[in-house]
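Here is query14.txt, consisting of compact mmCIF, N, CA and C atoms:
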# COMPACT_ATOMS: atom_id res chain seq x y z
N MET A 1 -3.71 -10.52 1.43
CA MET A 1 -3.83 -11.16 0.15
C MET A 1 -2.43 -11.48 -0.38
N PRO A 2 -2.16 -12.71 -0.70
CA PRO A 2 -0.82 -13.06 -1.19
C PRO A 2 -0.59 -12.51 -2.60
N ALA A 3 0.68 -12.43 -2.95
CA ALA A 3 1.06 -11.93 -4.27
C ALA A 3 0.64 -12.94 -5.35
N PRO A 4 0.35 -12.44 -6.56
CA PRO A 4 0.03 -13.37 -7.65
C PRO A 4 1.21 -14.30 -7.91
N PRO A 5 0.95 -15.50 -8.41
CA PRO A 5 2.03 -16.48 -8.62
C PRO A 5 3.12 -15.97 -9.55
N TRP A 6 2.77 -15.17 -10.54
CA TRP A 6 3.79 -14.70 -11.47
C TRP A 6 4.71 -13.65 -10.84
N LEU A 7 4.30 -13.06 -9.71
CA LEU A 7 5.16 -12.12 -8.99
C LEU A 7 5.92 -12.80 -7.86
N ALA A 8 5.34 -13.83 -7.27
CA ALA A 8 5.94 -14.45 -6.11
C ALA A 8 6.88 -15.60 -6.46
N ARG A 9 7.01 -15.92 -7.72
CA ARG A 9 7.85 -17.05 -8.09
C ARG A 9 9.32 -16.76 -7.80
N PRO A 10 10.03 -17.75 -7.29
CA PRO A 10 11.46 -17.55 -7.08
C PRO A 10 12.17 -17.56 -8.43
N GLY A 11 13.15 -16.73 -8.56
CA GLY A 11 13.88 -16.66 -9.81
C GLY A 11 15.30 -16.20 -9.56
N ARG A 12 15.91 -15.75 -10.60
CA ARG A 12 17.29 -15.30 -10.50
C ARG A 12 17.40 -13.79 -10.56
N ASP A 13 16.29 -13.09 -10.35
CA ASP A 13 16.32 -11.63 -10.35
C ASP A 13 17.22 -11.10 -9.24
N TRP A 14 17.28 -11.80 -8.14
CA TRP A 14 18.11 -11.35 -7.02
C TRP A 14 19.58 -11.34 -7.42
N LEU A 15 19.98 -12.25 -8.29
CA LEU A 15 21.36 -12.30 -8.73
C LEU A 15 21.71 -11.09 -9.60
N ALA A 16 20.78 -10.69 -10.46
CA ALA A 16 20.98 -9.49 -11.28
C ALA A 16 21.04 -8.25 -10.40
N CYS A 17 20.18 -8.18 -9.40
CA CYS A 17 20.17 -7.05 -8.47
C CYS A 17 21.48 -7.00 -7.68
N LEU A 18 21.95 -8.14 -7.23
CA LEU A 18 23.21 -8.20 -6.50
C LEU A 18 24.37 -7.76 -7.39
N GLY A 19 24.39 -8.20 -8.62
CA GLY A 19 25.45 -7.81 -9.56
C GLY A 19 25.43 -6.32 -9.86
N ALA A 20 24.25 -5.75 -10.05
CA ALA A 20 24.14 -4.32 -10.30
C ALA A 20 24.59 -3.51 -9.09
N GLY A 21 24.23 -3.96 -7.90
CA GLY A 21 24.66 -3.27 -6.69
C GLY A 21 26.16 -3.34 -6.49
N LEU A 22 26.73 -4.50 -6.75
CA LEU A 22 28.18 -4.66 -6.64
C LEU A 22 28.91 -3.78 -7.66
N ALA A 23 28.40 -3.72 -8.87
CA ALA A 23 29.01 -2.86 -9.90
C ALA A 23 28.92 -1.39 -9.49
N ALA A 24 27.79 -0.98 -8.91
CA ALA A 24 27.64 0.41 -8.47
C ALA A 24 28.61 0.74 -7.35
N VAL A 25 28.80 -0.17 -6.41
CA VAL A 25 29.72 0.06 -5.30
C VAL A 25 31.16 0.16 -5.81
N ILE A 26 31.54 -0.74 -6.70
CA ILE A 26 32.90 -0.70 -7.25
C ILE A 26 33.11 0.59 -8.04
N THR A 27 32.13 0.99 -8.83
CA THR A 27 32.23 2.22 -9.61
C THR A 27 32.30 3.44 -8.70
N PHE A 28 31.65 3.38 -7.55
CA PHE A 28 31.65 4.50 -6.62
C PHE A 28 32.98 4.61 -5.88
N VAL A 29 33.58 3.47 -5.53
CA VAL A 29 34.80 3.46 -4.71
C VAL A 29 36.06 3.60 -5.56
N LEU A 30 36.05 3.07 -6.75
CA LEU A 30 37.26 3.03 -7.58
C LEU A 30 37.87 4.40 -7.88
N PRO A 31 37.10 5.43 -8.26
CA PRO A 31 37.74 6.73 -8.54
C PRO A 31 38.48 7.31 -7.34
N SER A 32 37.97 7.13 -6.14
CA SER A 32 38.67 7.67 -4.97
C SER A 32 39.93 6.86 -4.66
N ALA A 33 39.94 5.59 -5.03
CA ALA A 33 41.11 4.76 -4.79
C ALA A 33 42.27 5.14 -5.69
N VAL A 34 41.99 5.68 -6.86
CA VAL A 34 43.06 6.07 -7.78
C VAL A 34 43.40 7.56 -7.66
N GLY A 35 42.74 8.27 -6.76
CA GLY A 35 43.13 9.64 -6.45
C GLY A 35 42.35 10.73 -7.16
N GLY A 36 41.09 10.58 -7.36
CA GLY A 36 40.33 11.68 -7.97
C GLY A 36 38.89 11.27 -8.21
N GLY A 37 38.19 12.08 -8.95
CA GLY A 37 36.84 11.76 -9.36
C GLY A 37 35.75 12.09 -8.37
N LEU A 38 35.90 13.18 -7.59
CA LEU A 38 34.84 13.54 -6.64
C LEU A 38 33.55 13.89 -7.36
N GLY A 39 33.66 14.61 -8.47
CA GLY A 39 32.46 14.95 -9.24
C GLY A 39 31.75 13.72 -9.77
N PHE A 40 32.52 12.75 -10.25
CA PHE A 40 31.95 11.51 -10.75
C PHE A 40 31.28 10.74 -9.63
N ARG A 41 31.92 10.69 -8.47
CA ARG A 41 31.33 9.98 -7.33
C ARG A 41 30.02 10.63 -6.90
N MET A 42 29.98 11.95 -6.90
CA MET A 42 28.76 12.63 -6.48
C MET A 42 27.65 12.46 -7.52
N ALA A 43 28.03 12.41 -8.80
CA ALA A 43 27.03 12.19 -9.84
C ALA A 43 26.46 10.77 -9.76
N LEU A 44 27.24 9.83 -9.27
CA LEU A 44 26.78 8.45 -9.12
C LEU A 44 26.02 8.25 -7.80
N TYR A 45 26.28 9.09 -6.82
CA TYR A 45 25.69 8.93 -5.49
C TYR A 45 24.16 9.07 -5.53
N LEU A 46 23.67 10.07 -6.24
CA LEU A 46 22.23 10.30 -6.25
C LEU A 46 21.45 9.14 -6.86
N PRO A 47 21.80 8.63 -8.05
CA PRO A 47 21.02 7.49 -8.57
C PRO A 47 21.09 6.24 -7.69
N VAL A 48 22.26 5.99 -7.10
CA VAL A 48 22.38 4.81 -6.24
C VAL A 48 21.50 4.98 -5.00
N SER A 49 21.52 6.17 -4.40
CA SER A 49 20.69 6.40 -3.22
C SER A 49 19.21 6.35 -3.55
N LEU A 50 18.84 6.93 -4.66
CA LEU A 50 17.43 6.94 -5.03
C LEU A 50 16.96 5.56 -5.49
N SER A 51 17.87 4.73 -5.98
CA SER A 51 17.46 3.38 -6.35
C SER A 51 17.06 2.58 -5.11
N ALA A 52 17.73 2.85 -4.00
CA ALA A 52 17.34 2.19 -2.75
C ALA A 52 15.94 2.64 -2.33
N ALA A 53 15.65 3.92 -2.49
CA ALA A 53 14.31 4.40 -2.17
C ALA A 53 13.28 3.78 -3.11
N GLY A 54 13.62 3.66 -4.38
CA GLY A 54 12.71 3.02 -5.33
C GLY A 54 12.44 1.57 -4.96
N ALA A 55 13.48 0.87 -4.53
CA ALA A 55 13.29 -0.52 -4.11
C ALA A 55 12.39 -0.60 -2.89
N LEU A 56 12.52 0.35 -1.99
CA LEU A 56 11.68 0.35 -0.79
C LEU A 56 10.23 0.70 -1.12
N PHE A 57 10.01 1.47 -2.18
CA PHE A 57 8.64 1.77 -2.60
C PHE A 57 8.02 0.60 -3.37
N VAL A 58 8.80 -0.01 -4.27
CA VAL A 58 8.27 -1.04 -5.16
C VAL A 58 8.19 -2.41 -4.48
N GLY A 59 9.14 -2.70 -3.61
CA GLY A 59 9.18 -4.01 -2.96
C GLY A 59 7.90 -4.42 -2.28
N PRO A 60 7.35 -3.59 -1.40
CA PRO A 60 6.10 -3.98 -0.74
C PRO A 60 4.93 -4.11 -1.71
N LEU A 61 4.94 -3.34 -2.79
CA LEU A 61 3.86 -3.49 -3.78
C LEU A 61 3.98 -4.83 -4.50
N ARG A 62 5.21 -5.21 -4.81
CA ARG A 62 5.44 -6.46 -5.52
C ARG A 62 5.15 -7.66 -4.63
N LEU A 63 5.49 -7.55 -3.36
CA LEU A 63 5.30 -8.68 -2.45
C LEU A 63 3.96 -8.66 -1.74
N ALA A 64 3.13 -7.69 -2.06
CA ALA A 64 1.79 -7.56 -1.48
C ALA A 64 1.85 -7.53 0.05
N ALA A 65 2.69 -6.68 0.59
CA ALA A 65 2.80 -6.55 2.05
C ALA A 65 1.50 -5.95 2.61
N VAL A 66 1.17 -6.34 3.81
CA VAL A 66 -0.07 -5.90 4.42
C VAL A 66 0.00 -4.41 4.76
N SER A 67 1.01 -4.01 5.49
CA SER A 67 1.15 -2.61 5.87
C SER A 67 2.34 -2.01 5.14
N ARG A 68 2.10 -0.95 4.40
CA ARG A 68 3.17 -0.33 3.61
C ARG A 68 3.69 0.95 4.23
N ARG A 69 3.10 1.39 5.32
CA ARG A 69 3.51 2.66 5.92
C ARG A 69 4.95 2.66 6.39
N GLY A 70 5.38 1.58 7.01
CA GLY A 70 6.76 1.50 7.48
C GLY A 70 7.75 1.53 6.33
N TRP A 71 7.42 0.84 5.24
CA TRP A 71 8.30 0.83 4.07
C TRP A 71 8.36 2.22 3.44
N ALA A 72 7.22 2.91 3.40
CA ALA A 72 7.20 4.27 2.85
C ALA A 72 8.03 5.21 3.72
N LEU A 73 8.00 5.01 5.02
CA LEU A 73 8.81 5.84 5.91
C LEU A 73 10.30 5.59 5.68
N LEU A 74 10.69 4.35 5.53
CA LEU A 74 12.09 4.03 5.21
C LEU A 74 12.50 4.65 3.88
N ALA A 75 11.64 4.55 2.87
CA ALA A 75 11.95 5.13 1.56
C ALA A 75 12.06 6.64 1.64
N GLY A 76 11.20 7.27 2.41
CA GLY A 76 11.29 8.73 2.58
C GLY A 76 12.59 9.12 3.26
N GLY A 77 13.03 8.35 4.23
CA GLY A 77 14.31 8.61 4.87
C GLY A 77 15.47 8.47 3.90
N GLN A 78 15.38 7.51 3.00
CA GLN A 78 16.43 7.31 2.00
C GLN A 78 16.47 8.49 1.03
N VAL A 79 15.31 8.99 0.63
CA VAL A 79 15.25 10.16 -0.25
C VAL A 79 15.83 11.37 0.46
N LEU A 80 15.50 11.54 1.75
CA LEU A 80 16.05 12.66 2.51
C LEU A 80 17.56 12.55 2.64
N CYS A 81 18.07 11.35 2.86
CA CYS A 81 19.51 11.14 2.95
C CYS A 81 20.20 11.48 1.63
N ALA A 82 19.62 11.07 0.51
CA ALA A 82 20.20 11.38 -0.81
C ALA A 82 20.17 12.88 -1.07
N ALA A 83 19.07 13.53 -0.73
CA ALA A 83 18.97 14.97 -0.95
C ALA A 83 19.96 15.74 -0.08
N THR A 84 20.15 15.30 1.16
CA THR A 84 21.11 15.95 2.04
C THR A 84 22.53 15.76 1.53
N GLY A 85 22.85 14.57 1.08
CA GLY A 85 24.18 14.31 0.53
C GLY A 85 24.47 15.17 -0.68
N MET A 86 23.51 15.31 -1.56
CA MET A 86 23.72 16.14 -2.75
C MET A 86 23.79 17.62 -2.38
N ALA A 87 22.99 18.06 -1.42
CA ALA A 87 23.05 19.46 -1.01
C ALA A 87 24.39 19.78 -0.38
N LEU A 88 24.94 18.87 0.40
CA LEU A 88 26.25 19.09 1.00
C LEU A 88 27.37 19.01 -0.03
N ALA A 89 27.14 18.27 -1.10
CA ALA A 89 28.17 18.20 -2.16
C ALA A 89 28.17 19.50 -2.96
N VAL A 90 27.00 20.08 -3.16
CA VAL A 90 26.91 21.32 -3.94
C VAL A 90 27.38 22.51 -3.10
N HIS A 91 26.96 22.56 -1.85
CA HIS A 91 27.34 23.66 -0.94
C HIS A 91 28.01 23.07 0.29
N PRO A 92 29.29 22.74 0.20
CA PRO A 92 29.95 22.12 1.35
C PRO A 92 30.06 23.08 2.52
N CYS A 93 29.99 22.52 3.72
CA CYS A 93 30.15 23.31 4.94
C CYS A 93 31.63 23.61 5.15
N ARG A 94 31.94 24.86 5.28
CA ARG A 94 33.33 25.26 5.52
C ARG A 94 33.42 25.88 6.91
N PRO A 95 34.45 25.53 7.64
CA PRO A 95 34.59 26.13 8.99
C PRO A 95 34.81 27.63 8.88
N PRO A 96 34.33 28.38 9.87
CA PRO A 96 34.48 29.85 9.82
C PRO A 96 35.92 30.31 9.99
As structure tokens, what does this structure read like?
Amino acid sequence: MPAPPWLARPGRDWLACLGAGLAAVITFVLPSAVGGGLGFRMALYLPVSLSAAGALFVGPLRLAAVSRRGWALLAGGQVLCAATGMALAVHPCRPP
């Protein structure tokens, strides 16, 4: 079943999404370039990672994809990656 016309219409939403992603990347990289801000980077890492999982969950619903299992698997992997990154930031592995 195709998506309703009000959901499938081409628009400029992709431009807003691209701008938000670019701003998040710059905000994530900039503190390390000036020599600090690990806590800030880690606080920004989780929302950025989880936003990718949210996009993978919502995208197939919005586009009325036939099979959503593959997209759900990708989103679950993204959530696992974000959780692992945050767990390693809280309890870093130190060599013995």
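Comparing A:Phe40, A:Gly19, A:Ala52, A:Thr27 by their smallest distance to A:Leu74, the closest is A:Ala52 (using only N, CA and C atoms).
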Discussion item. Taking only chain A into account, list the residues labelled helix (DSSP H, G or I) by DSSP (computed from the backbone), as an MDAnalysis selection string.
Written reply: chainID A and resid 5:8 13:33 38:63 69:90
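Taking only C-alpha atoms into account, A:Ala75 lies nearest to A:Leu56 out of the set A:Asp13, A:Gly39, A:Leu56, A:Leu22.
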Practice prompt. Work out how far atom N of A:Ala53 is from atom CA of A:Val29, in Å to one decimal.
Written response: 19.3 Å
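Interatomic distance, atom C of A:Leu50 to atom N of A:Cys93: 23.3 Å.
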Hey, could you pull the box centre and edge lengths for stretch 77-95 of chain A, axis-aligned, 5 Å padding per side, all listed atoms, to one decimal in Å, as JSON?
{"center_x": 23.9, "center_y": 17.5, "center_z": 2.5, "size_x": 31.8, "size_y": 30.3, "size_z": 22.9}
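Our summary of the geometry notes that atom CA of A:Leu30 is positioned 11.9 Å from atom CA of A:Leu44.
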